file run.pdb (PDB, C-alpha atoms and all ligand atoms)
ATOM      1  CA  MET R 647      16.326 -10.834  15.747
ATOM      2  CA  ILE R 648      16.489 -14.074  17.672
ATOM      3  CA  ASP R 649      16.314 -17.139  15.435
ATOM      4  CA  ILE R 650      13.174 -18.576  16.974
ATOM      5  CA  ILE R 651      11.207 -15.465  15.930
ATOM      6  CA  LYS R 652      12.885 -15.295  12.536
ATOM      7  CA  ASN R 653      11.877 -18.892  11.873
ATOM      8  CA  LEU R 654       8.230 -18.135  12.589
ATOM      9  CA  GLU R 655       7.950 -16.968   8.972
ATOM     10  CA  LYS R 656       8.199 -20.607   7.935
ATOM     11  CA  VAL R 657       4.858 -21.478   9.553
ATOM     12  CA  GLY R 658       2.890 -19.336   7.100
ATOM     13  CA  PRO R 659       0.925 -16.074   7.034
ATOM     14  CA  TRP R 660       0.825 -13.501   9.786
ATOM     15  CA  ASN R 661      -2.099 -14.986  11.739
ATOM     16  CA  ASP R 662      -0.466 -18.433  11.715
ATOM     17  CA  MET R 663       2.664 -16.808  13.124
ATOM     18  CA  ARG R 664       0.565 -15.280  15.929
ATOM     19  CA  ILE R 665      -0.895 -18.688  16.761
ATOM     20  CA  GLU R 666       2.517 -20.350  16.653
ATOM     21  CA  LEU R 667       4.082 -17.774  18.964
ATOM     22  CA  GLY R 668       1.124 -18.147  21.357
ATOM     23  CA  THR R 669       1.676 -21.923  21.401
ATOM     24  CA  MET R 670       5.410 -21.497  21.991
ATOM     25  CA  LEU R 671       4.665 -19.277  24.969
ATOM     26  CA  GLY R 672       2.163 -21.765  26.392
ATOM     27  CA  LEU R 673      -0.891 -19.601  25.718
ATOM     28  CA  GLU R 674      -4.291 -20.977  24.755
ATOM     29  CA  GLY R 675      -4.616 -18.601  21.804
ATOM     30  CA  PRO R 676      -2.570 -16.388  19.485
ATOM     31  CA  VAL R 677      -0.541 -13.422  20.681
ATOM     32  CA  SER R 678      -1.780 -10.024  19.497
ATOM     33  CA  SER R 679      -0.467  -8.635  16.227
ATOM     34  CA  ALA R 680       1.273  -5.886  18.182
ATOM     35  CA  VAL R 681       3.151  -8.418  20.353
ATOM     36  CA  LEU R 682       4.277 -10.385  17.299
ATOM     37  CA  ALA R 683       5.324  -7.225  15.438
ATOM     38  CA  ARG R 684       7.319  -5.978  18.426
ATOM     39  CA  ALA R 685       8.950  -9.359  19.052
ATOM     40  CA  ARG R 686      10.091  -9.421  15.428
ATOM     41  CA  VAL R 687      11.982  -6.138  15.714
ATOM     42  CA  GLU R 688      13.042  -6.057  19.374
ATOM     43  CA  ASP R 689      15.312  -8.929  20.407
ATOM     44  CA  ARG R 690      15.150  -7.909  24.052
ATOM     45  CA  PHE R 691      11.359  -7.995  24.093
ATOM     46  CA  ALA R 692      11.357 -11.409  22.356
ATOM     47  CA  SER R 693      13.817 -12.734  24.942
ATOM     48  CA  HIS R 694      11.642 -11.431  27.781
ATOM     49  CA  LEU R 695       8.633 -13.224  26.308
ATOM     50  CA  PHE R 696      10.426 -16.552  26.133
ATOM     51  CA  MET R 697      12.085 -16.168  29.532
ATOM     52  CA  SER R 698       8.748 -15.370  31.187
ATOM     53  CA  SER R 699       6.839 -18.183  29.480
ATOM     54  CA  PHE R 700       7.217 -20.268  32.671
ATOM     55  CA  ASP R 701       5.670 -17.514  34.787
ATOM     56  CA  HIS R 702       2.341 -16.477  33.297
ATOM     57  CA  ASP R 703       1.893 -13.516  35.657
ATOM     58  CA  LEU R 704       5.161 -12.086  34.412
ATOM     59  CA  LEU R 705       4.360 -13.043  30.822
ATOM     60  CA  ARG R 706       1.040 -11.208  31.074
ATOM     61  CA  LEU R 707       2.927  -8.028  31.998
ATOM     62  CA  PHE R 708       4.958  -8.236  28.785
ATOM     63  CA  LEU R 709       1.926  -9.144  26.672
ATOM     64  CA  ASN R 710       0.031  -6.128  28.029
ATOM     65  CA  ASP R 711       2.963  -3.712  28.025
ATOM     66  CA  GLU R 712       1.639  -0.371  26.814
ATOM     67  CA  LYS R 713       4.700   0.033  24.565
ATOM     68  CA  ASN R 714       3.151  -2.723  22.428
ATOM     69  CA  ASN R 715       0.567  -0.147  21.278
ATOM     70  CA  ALA R 716       3.183   1.389  19.000
ATOM     71  CA  TYR R 717       3.182  -1.853  17.007
ATOM     72  CA  GLU R 718      -0.555  -2.236  16.481
ATOM     73  CA  LEU R 719      -1.617  -3.581  13.128
ATOM     74  CA  TYR R 720      -4.506  -2.495  10.974
ATOM     75  CA  GLU R 721      -6.107  -2.524   7.517
ATOM     76  CA  ILE R 722      -4.404  -2.017   4.156
ATOM     77  CA  PRO R 723      -4.883  -2.206   0.369
ATOM     78  CA  GLU R 724      -5.872  -5.453  -1.338
ATOM     79  CA  LYS R 725      -2.986  -5.152  -3.748
ATOM     80  CA  PHE R 726      -0.585  -6.469  -1.062
ATOM     81  CA  SER R 727      -0.791  -9.869   0.618
ATOM     82  CA  ASN R 728      -0.668 -10.093   4.380
ATOM     83  CA  VAL R 729       2.741 -11.753   4.219
ATOM     84  CA  GLN R 730       4.067  -8.947   2.032
ATOM     85  CA  LEU R 731       2.627  -6.408   4.454
ATOM     86  CA  ALA R 732       4.012  -8.193   7.478
ATOM     87  CA  THR R 733       7.435  -8.217   5.829
ATOM     88  CA  LYS R 734       7.131  -4.544   4.878
ATOM     89  CA  ALA R 735       5.967  -3.706   8.405
ATOM     90  CA  SER R 736       8.860  -5.502  10.010
ATOM     91  CA  LYS R 737      11.365  -3.851   7.702
ATOM     92  CA  ALA R 738       9.886  -0.382   8.234
ATOM     93  CA  LEU R 739       9.950  -0.869  12.007
ATOM     94  CA  LEU R 740      13.470  -2.266  11.902
ATOM     95  CA  ASP R 741      14.713   0.663   9.820
ATOM     96  CA  TRP R 742      12.907   3.105  12.054
ATOM     97  CA  GLY R 743      14.330   1.401  15.180
ATOM     98  CA  LYS R 744      17.844   1.756  13.763
ATOM     99  CA  SER R 745      17.240   5.502  13.488
ATOM    100  CA  GLY R 746      16.389   5.611  17.193
ATOM    101  CA  PHE R 747      12.644   5.940  16.401
ATOM    102  CA  GLU R 748      13.349   9.413  15.088
ATOM    103  CA  LYS R 749      10.511  11.447  13.608
ATOM    104  CA  VAL R 750      10.714  14.279  11.072
ATOM    105  CA  THR R 751       9.946  17.873  12.086
ATOM    106  CA  LYS R 752       6.328  19.019  12.119
ATOM    107  CA  GLU R 753       7.004  21.240   9.075
ATOM    108  CA  LYS R 754       8.422  18.332   7.103
ATOM    109  CA  TYR R 755       5.550  16.114   8.189
ATOM    110  CA  GLU R 756       3.040  18.682   6.966
ATOM    111  CA  THR R 757       4.804  19.056   3.620
ATOM    112  CA  ARG R 758       4.802  15.298   3.150
ATOM    113  CA  PHE R 759       1.252  14.761   4.318
ATOM    114  CA  SER R 760      -0.179  17.587   2.199
ATOM    115  CA  ALA R 761       1.495  16.020  -0.869
ATOM    116  CA  CYS R 762      -0.186  12.714   0.016
ATOM    117  CA  GLU R 763      -3.536  14.442   0.391
ATOM    118  CA  LYS R 764      -3.306  15.667  -3.216
ATOM    119  CA  CYS R 765      -1.990  12.358  -4.523
ATOM    120  CA  GLU R 766      -3.946  10.046  -6.809
ATOM    121  CA  PHE R 767      -2.517   7.029  -4.943
ATOM    122  CA  LEU R 768      -4.103   8.024  -1.623
ATOM    123  CA  LYS R 769      -7.034   5.767  -0.758
ATOM    124  CA  ASP R 770      -9.254   4.718   2.107
ATOM    125  CA  ALA R 771      -8.036   1.664   4.014
ATOM    126  CA  PRO R 772      -9.986  -1.398   2.854
ATOM    127  CA  SER R 773     -11.107  -4.162   5.167
ATOM    128  CA  GLN R 774      -8.147  -6.448   4.600
ATOM    129  CA  PHE R 775      -5.889  -7.215   7.560
ATOM    130  CA  ALA R 776      -2.517  -5.488   7.617
ATOM    131  CA  TYR R 777      -0.023  -3.702   9.746
ATOM    132  CA  LYS R 778       0.891  -0.262  10.722
ATOM    133  CA  VAL R 779       2.937   1.728  13.174
ATOM    134  CA  LYS R 780       0.461   3.492  15.371
ATOM    135  CA  LEU R 781       1.873   6.794  16.529
ATOM    136  CA  LYS R 782      -1.382   8.503  17.503
ATOM    137  CA  ARG R 783      -4.778   7.037  18.070
ATOM    138  CA  GLU R 784      -6.470   9.810  16.110
ATOM    139  CA  SER R 785      -4.231   9.375  13.057
ATOM    140  CA  ASP R 786      -5.740   9.467   9.585
ATOM    141  CA  GLN R 787      -6.371   5.880   8.434
ATOM    142  CA  ARG R 788      -5.879   6.422   4.679
ATOM    143  CA  VAL R 789      -3.163   4.456   2.921
ATOM    144  CA  CYS R 790      -0.750   4.903   0.029
ATOM    145  CA  GLY R 791      -1.886   2.658  -2.816
ATOM    146  CA  ALA R 792       1.657   2.590  -4.214
ATOM    147  CA  CYS R 793       3.342   1.060  -1.169
ATOM    148  CA  GLY R 794       0.513  -0.063   1.141
ATOM    149  CA  CYS R 795       1.633   2.094   4.082
ATOM    150  CA  GLY R 796      -0.604   4.311   6.224
ATOM    151  CA  VAL R 797       0.408   7.798   5.142
ATOM    152  CA  SER R 798      -0.262   9.580   8.431
ATOM    153  CA  ARG R 799       2.334   7.352  10.130
ATOM    154  CA  LYS R 800       4.653   6.881   7.188
ATOM    155  CA  ALA R 801       5.072  10.643   6.787
ATOM    156  CA  TRP R 802       6.410  10.923  10.365
ATOM    157  CA  LEU R 803       9.236   8.399   9.982
ATOM    158  CA  VAL R 804      12.666   9.704   8.973
ATOM    159  CA  THR R 805      13.445   6.361   7.401
ATOM    160  CA  GLU R 806      10.428   6.350   5.067
ATOM    161  CA  THR R 807      10.144   7.848   1.615
ATOM    162  CA  CYS R 808       7.526   8.379  -1.072
ATOM    163  CA  PRO R 809       7.908   5.552  -3.624
ATOM    164  CA  VAL R 810       6.644   7.524  -6.647
ATOM    165  CA  SER R 811       8.872   9.782  -8.778
ATOM    166  CA  ASP R 812       7.554  13.216  -9.659
ATOM    167  CA  PRO R 813       7.345  13.349 -13.481
ATOM    168  CA  SER R 814       7.662  17.148 -13.388
ATOM    169  CA  ASN R 815      10.702  17.103 -11.092
ATOM    170  CA  PRO R 816      13.286  14.515 -12.225
ATOM    171  CA  GLY R 817      15.222  12.891  -9.389
ATOM    172  CA  PHE R 818      12.593  13.799  -6.816
ATOM    173  CA  ASN R 819       9.541  12.010  -5.481
ATOM    174  CA  LEU R 820       6.045  13.344  -4.834
ATOM    175  CA  TRP R 821       7.167  14.517  -1.361
ATOM    176  CA  ASN R 822       9.659  16.752  -3.213
ATOM    177  CA  GLU R 823      12.524  14.782  -1.651
ATOM    178  CA  PRO R 824      15.330  13.034  -3.551
ATOM    179  CA  SER R 825      13.941   9.788  -4.919
ATOM    180  CA  LYS R 826      15.361   6.453  -3.736
ATOM    181  CA  GLN R 827      17.218   6.050  -7.026
ATOM    182  CA  GLN R 828      18.753   9.503  -6.617
ATOM    183  CA  LEU R 829      19.799   8.692  -3.017
ATOM    184  CA  SER R 830      21.500   5.432  -3.988
ATOM    185  CA  THR R 831      23.368   7.199  -6.805
ATOM    186  CA  ALA R 832      24.486   9.936  -4.401
ATOM    187  CA  GLY R 833      25.549   7.320  -1.767
TER     188      GLY R 833
HETATM  189  S1  LIG X 901       3.625   8.394  -0.241
HETATM  190 FE1  LIG X 901       3.811   9.337  -2.263
HETATM  191  S2  LIG X 901       2.716   7.964  -3.669
HETATM  192 FE2  LIG X 901       2.063   7.469  -1.567
HETATM  193  S3  LIG X 901       0.218   8.694  -1.223
HETATM  194 FE3  LIG X 901       1.948   9.890  -0.453
HETATM  195  S4  LIG X 901       2.563  11.194  -2.167
HETATM  196 FE4  LIG X 901       1.277   9.556  -2.999
END
call {"tool": "encode", "arguments": {"input": "run.pdb", "output": "structure tokens"}}
result
Amino acid sequence: MIDIIKNLEKVGPWNDMRIELGTMLGLEGPVSSAVLARARVEDRFASHLFMSSFDHDLLRLFLNDEKNNAYELYEIPEKFSNVQLATKASKALLDWGKSGFEKVTKEKYETRFSACEKCEFLKDAPSQFAYKVKLKRESDQRVCGACGCGVSRKAWLVTETCPVSDPSNPGFNLWNEPSKQQLSTAG
């Protein structure tokens, strides 16, 4: 991540970072959440933004790039602050990017998602601002109250895991996959 983007965290919460990046690029307002989220995980995209800041026609192309849609942000549980969510979002995207944006199989997705549907932690997204990886426009908007992630997206990512251990299945989480603790012991 280029330093200039990394240092944006110092200016404050997510919306302040959007305003700051907009100012840096010579815009009259903030960049979209999707542009900020993408710039934080894609060095090349961040470089393109800064290099095109002297040519607003070119800059507009990057700001409106349809690939930005994959980084759209949305609502999440009140238990997490926006900064925490922004940090979690960036990390999840970074981890996912390192995997080559790989998704799990449909069967695995369905197993994971059906476990979430029965889970006591599943809740409707409240009206607080937050982030999320948007894989499909029609995706279910409910979130995991244990980690703050949108389950319909989270369940697709190979790099994500259920954060809650299954009390009836030691070493495994509620997705019936080895729990994080178990994975680090095995590694
Ligand atoms: S990720 Fe795990 S804890 Fe969260 S809603 Fe799904 S099953 Fe429940």
call {"tool": "residues_near_ligand", "arguments": {"input": "run.pdb", "ligand": "ligand LIG 901 (chain X)", "cutoff": "6 Å", "atoms": "only C-alpha atoms and all ligand atoms", "output": "ChimeraX atom specification"}}
result
/R:761-762,765,767-768,790,792,808-810,820-821
call {"tool": "write_last_selection", "arguments": {"input": "run.pdb", "atoms": "C-alpha atoms", "output": "PDB file, in the frame of the given file"}}
result
ATOM      1  CA  ALA R 761       1.495  16.020  -0.869  1.00  0.00           C
ATOM      2  CA  CYS R 762      -0.186  12.714   0.016  1.00  0.00           C
ATOM      3  CA  CYS R 765      -1.990  12.358  -4.523  1.00  0.00           C
ATOM      4  CA  PHE R 767      -2.517   7.029  -4.943  1.00  0.00           C
ATOM      5  CA  LEU R 768      -4.103   8.024  -1.623  1.00  0.00           C
ATOM      6  CA  CYS R 790      -0.750   4.903   0.029  1.00  0.00           C
ATOM      7  CA  ALA R 792       1.657   2.590  -4.214  1.00  0.00           C
ATOM      8  CA  CYS R 808       7.526   8.379  -1.072  1.00  0.00           C
ATOM      9  CA  PRO R 809       7.908   5.552  -3.624  1.00  0.00           C
ATOM     10  CA  VAL R 810       6.644   7.524  -6.647  1.00  0.00           C
ATOM     11  CA  LEU R 820       6.045  13.344  -4.834  1.00  0.00           C
ATOM     12  CA  TRP R 821       7.167  14.517  -1.361  1.00  0.00           C
TER      13      TRP R 821
END
call {"tool": "closest_residue", "arguments": {"input": "run.pdb", "among": "R:Arg686, R:Val750, R:Ser678, R:Leu667", "to": "Leu709 of chain R", "atoms": "all atoms listed in the file"}}
result
R:Ser678
call {"tool": "resolve_selection", "arguments": {"input": "run.pdb", "expression": "the PyMOL selection byres (((chain R and resi 691) around 12) and not hetatm)", "output": "PyMOL selection string"}}
result
chain R and resi 647-648+651+680-690+692-698+705+707-709+711+713-714
call {"tool": "atom_distance", "arguments": {"input": "run.pdb", "atom1": "atom CA of Gly796 of chain R", "atom2": "atom CA of Trp660 of chain R"}}
result
18.2 Å
call {"tool": "closest_residue", "arguments": {"input": "run.pdb", "among": "R:Glu748, R:Pro659, R:Ser814, R:Pro824", "to": "Trp802 of chain R", "atoms": "all atoms listed in the file"}}
result
R:Glu748
call {"tool": "residues_around", "arguments": {"input": "run.pdb", "residues": "Gly746 of chain R", "least_positions_apart": "5", "cutoff": "10 Å", "atoms": "only C-alpha atoms", "output": "list of chain:residue names"}}
result
R:Leu740, R:Asp741, R:Val804
call {"tool": "write_last_selection", "arguments": {"input": "run.pdb", "atoms": "C-alpha atoms", "output": "short mmCIF file (atom, residue, chain, number, x, y, z; two decimals), in the coordinates of the input"}}
result
data_model
loop_
_atom_site.label_atom_id
_atom_site.label_comp_id
_atom_site.auth_asym_id
_atom_site.auth_seq_id
_atom_site.Cartn_x
_atom_site.Cartn_y
_atom_site.Cartn_z
CA LEU R 740 13.47 -2.27 11.90
CA ASP R 741 14.71 0.66 9.82
CA VAL R 804 12.67 9.70 8.97
#
call {"tool": "atom_distance", "arguments": {"input": "run.pdb", "atom1": "atom CA of Asp701 of chain R", "atom2": "atom CA of Gly668 of chain R"}}
result
14.2 Å
